[in-house]
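Enquirer: Questions regarding the structure given below will be posed in turn.
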Amino acid sequence: MLILLGYNLLLLLVLVVGSPYWLLRMATSGKYRAGLAGRLGVVPHALREAVAGREVIWLHAVSVGEVIAASRVVAELRTSLPEYVVVISTTTRTGQQLARERFGAATVFYFPLDFTWVVRRYLRALRPSVLVLAETEFWPVLLDECFRRMIPVAVINARISDRSYPRYLRLRWLWKQLLQGVDDFQAQSELDAERLRAIGAPAHRVRIGGNLKFDVRAAGDNAVTRAMKSATQKDTKIIVAGSTLDGEESMLLAAWPKILQAEPNAVLLLAPRHPERFDAVAKLLSASQVHWRRRSEWLCNNEPVEKISVGSVLLLDSIGELAGCYGLATVAFVGGSLVPAGGHNPLEPTQFGVPVVMGRSLENFRAIAEEMLANDALLLVDESTLAETLTQLLQHPAGAAAIGARARDVFESKAGATVRCVQAILRLVSRRHEWERRLQEAPRE
């Protein structure tokens, strides 16, 4: 396809023009060096060994959120298809780290760059029976190569955000061609289904599967939660501020003295979204007047070095522990929402019946947020009302518990996406087997 040739050339041009920047970043940050050979088409030896002689399902999950959401899907596929190996690709280093912990290092790899020769090397090595894409990871070359090889493609937990929708519409002529090669779309909501059809997805292949994140259950206690329970007084009230972005930590720290003045028995657990910002947030805390500790320094060998005194801030500079920490919360603030970033997932705290507070930037999780707002299960704030709202929830436990209970009801009522997504994938596996059987039985000239 001439369009894909142009796409390859454009992608190559972007890499060449941007190479000085990327070389500098790779020289100064391990984040940009991680998995470079694999991204460029060198299929890891351990991955080749893991798939040798096995049927394969390839699932792509971009980062931490997608890995968590897809975890139960992977587990169900491994149970339903024990003869298959499920391999998982990620784009980010944090996603790679979490996926290796959850699924095993041998079956986890970095997603290859979307060049024809790179994609073909992976498809030849993996020979997947089905490709599963989480959310809206539409890569033109990968979709086209799967179509050419008659590899069924499923998109699970599919969503199109407010921010990306206009961009997809502008290139509808391109997506309409490429999305013909996708066999099944499991949309998160009716709105996502409508948008998928509008950008060119075949209408009869788009179904409402629900949101996998409603099926995510926190793994339970971890090192931090166990330590916090032993290192805080029983009447301590804990605010967990999760997935915060640049600008939000300073707003929370500005609100902190006002909160403590009204509720002195409070502790703030602060969890920045991106690991590369841990040090920057630590500097911000050092410049403030609050007593604070880093999780990595406070919790050594799974034993806290000191009690967490009221009025303190604990910086959660770790990966994969936030979800369990929401279970400790008296109230949760979910970040990416006080700054214009579209917000992060409000569901993790709701399974614990914890009242959730967010800013008004909710574009990334609009359907979930609207459902919660309609059920009076979510409180929206801006910088000026942040301290007052958090204080009110801390001081009125009965009202806070009622909000949290309604949020948990929303969470429980929306479960079931995992089953629907797994069933869709199993249908494609069966279809692939039928196609291969007919090909083998066809008379040869």
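Following the order of the structure tokens, chains are lettered A, B, ..., residues in each are numbered from 1, and ligands are numbered from 1.
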Do a neighbour search on region 243-258 of chain A at 6 Å with only C-alpha atoms, toss out local chain neighbours closer than 4 positions, and write the hits as a list in words.
Expert: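 Counting only C-alpha atoms, the residues come to Ala271, Pro272, Arg273, Gly335, Gly336 and Ala387 of chain A.
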Enquirer: Only C-alpha atoms, please: the residues just picked out, written as a PDB file, in the first residue's frame.
Expert:
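Saved file again-v4.pdb follows:
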```
ATOM      1  CA  ALA A 271       2.170   9.111  44.838  1.00  0.00           C
ATOM      2  CA  PRO A 272       3.420  10.881  41.662  1.00  0.00           C
ATOM      3  CA  ARG A 273       2.290   9.313  38.401  1.00  0.00           C
ATOM      4  CA  GLY A 335      -4.510  13.186  39.966  1.00  0.00           C
ATOM      5  CA  GLY A 336      -4.068  14.353  36.425  1.00  0.00           C
ATOM      6  CA  ALA A 387      -8.553  21.970  51.051  1.00  0.00           C
TER       7      ALA A 387
END
```
Enquirer: Would you please give, as JSON, numbers by chain, all residues of region 144-229 of chain A that DSSP assigns to helix (DSSP H, G or I) based on the backbone?
Expert: {"A": [144, 145, 146, 147, 148, 165, 166, 167, 168, 169, 170, 172, 173, 174, 175, 176, 177, 178, 179, 180, 181, 190, 191, 192, 193, 194, 195, 196, 197, 198, 203, 204, 205, 212, 213, 214, 223, 224, 225, 226, 227, 228, 229]}
Enquirer: With only C-alpha atoms as the counted atoms, please give the residues lying no more than 8 Å from region 308-310 of chain A, apart from itself and same-chain residues fewer than 5 positions off, as a list in words.
Expert: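 The residues satisfying every condition are Met228, Ala231, Thr232, Thr236, Pro264, Asn265, Ala266 and Val267 of chain A.
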Enquirer: For those residues, write C-alpha atoms to a file as a compact mmCIF listing (two decimals), in the first residue's frame.
Expert:
```txt
# COMPACT_ATOMS: atom_id res chain seq x y z
CA MET A 228 1.53 1.98 57.54
CA ALA A 231 3.45 2.81 62.04
CA THR A 232 0.34 5.02 62.41
CA THR A 236 -4.99 8.64 62.00
CA PRO A 264 -4.58 17.57 62.98
CA ASN A 265 -4.66 13.74 62.91
CA ALA A 266 -4.11 13.56 59.17
CA VAL A 267 -1.32 12.00 57.11
```
Enquirer: Near Asn211 (chain A), counting only C-alpha atoms, which residues have an atom at most 8 Å away, once you skip same-chain residues fewer than 3 positions from it, shown as a list in words?
Expert: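 So the residues in contact are Asn157, Ala187, Gln188, Ser189, Phe214, Asp215, Lys414, Ala415 and Ala417 of chain A.
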Enquirer: Quick one: residues within 8 Å of Ile319 (chain A), only C-alpha atoms, excluding same-chain residues fewer than 3 positions away - as an NGL selection string?
Expert: :A and (94 or 98 or 275 or 322)
Enquirer: Export, as a PDB file, in the first residue's frame, the selected residues with N, CA and C atoms.
Expert:
```pdb
ATOM      1  N   THR A  94       8.048   1.479  32.765  1.00  0.00           N
ATOM      2  CA  THR A  94       7.292   1.116  33.965  1.00  0.00           C
ATOM      3  C   THR A  94       6.291   0.006  33.664  1.00  0.00           C
ATOM      4  N   LEU A  98       6.323  -3.811  35.431  1.00  0.00           N
ATOM      5  CA  LEU A  98       5.161  -4.420  36.075  1.00  0.00           C
ATOM      6  C   LEU A  98       4.749  -5.702  35.357  1.00  0.00           C
ATOM      7  N   PRO A 275       7.621   7.806  37.586  1.00  0.00           N
ATOM      8  CA  PRO A 275       8.808   7.594  38.427  1.00  0.00           C
ATOM      9  C   PRO A 275       9.911   8.623  38.215  1.00  0.00           C
ATOM     10  N   LEU A 322       0.526   1.585  44.769  1.00  0.00           N
ATOM     11  CA  LEU A 322      -0.521   2.585  45.000  1.00  0.00           C
ATOM     12  C   LEU A 322      -1.899   1.953  45.170  1.00  0.00           C
TER      13      LEU A 322
END
```
Enquirer: Any idea what the distance is between CA of Leu316 (chain A) and CA of Arg295 (chain A)?
Expert: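 Separation of CA of Leu316 (chain A) and CA of Arg295 (chain A): 5.2 Å.
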Enquirer: So which residues touch Glu388 (chain A) within 9 Å, counting only C-alpha atoms, skipping near sequence neighbours fewer than 3 positions away, as a list in words?
Expert: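 Selected residues are Ala255, Lys258, Ile259, Ser384, Thr385, Thr391, Gln392 and Leu393 of chain A.
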Enquirer: Write out as a list in words the set of residues from region 149-254 of chain A that DSSP, computed on the backbone, places in strand (DSSP E or B).
Expert: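 So, restricting region 149-254 of chain A to strand (DSSP E or B), we get Val153, Ala154, Val155, Ile156, Asn157, Ala158, Asp184, Phe185, Gln186, Ala187, Val206, Arg207, Ile208, Lys237, Ile238, Ile239, Val240, Ala241, Gly242, Ser243 and Thr244 of chain A.
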Enquirer: Just want the 7 Å neighbourhood of region 133-137 of chain A, counted on only C-alpha atoms, with same-chain residues fewer than 2 positions away dropped. Output as a list in words.
Expert: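 Skipping anything fewer than 2 positions along the chain leaves Leu59, His60, Ala61, Glu66, Leu131, Trp139, Ala154, Val155, Ile156, Asn157, Ala158, Arg159 and Ile160 of chain A.
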Enquirer: Using C-alpha atoms, can you export the residues from the last selection as an mmCIF file, in the first residue's frame?
Expert:
```cif
data_model
loop_
_atom_site.group_PDB
_atom_site.id
_atom_site.type_symbol
_atom_site.label_atom_id
_atom_site.label_comp_id
_atom_site.auth_asym_id
_atom_site.auth_seq_id
_atom_site.Cartn_x
_atom_site.Cartn_y
_atom_site.Cartn_z
ATOM 1 C CA LEU A 59 -1.354 -8.977 23.739
ATOM 2 C CA HIS A 60 -0.121 -5.380 23.650
ATOM 3 C CA ALA A 61 -0.594 -3.175 26.734
ATOM 4 C CA GLU A 66 -3.191 -1.190 30.564
ATOM 5 C CA LEU A 131 -3.211 -10.179 18.137
ATOM 6 C CA TRP A 139 -0.459 0.922 14.522
ATOM 7 C CA ALA A 154 -9.112 -7.860 18.603
ATOM 8 C CA VAL A 155 -9.158 -4.475 20.320
ATOM 9 C CA ILE A 156 -10.232 -4.791 23.946
ATOM 10 C CA ASN A 157 -11.118 -2.044 26.415
ATOM 11 C CA ALA A 158 -11.326 0.202 23.365
ATOM 12 C CA ARG A 159 -11.768 3.897 23.979
ATOM 13 C CA ILE A 160 -11.242 7.148 22.116
#
```
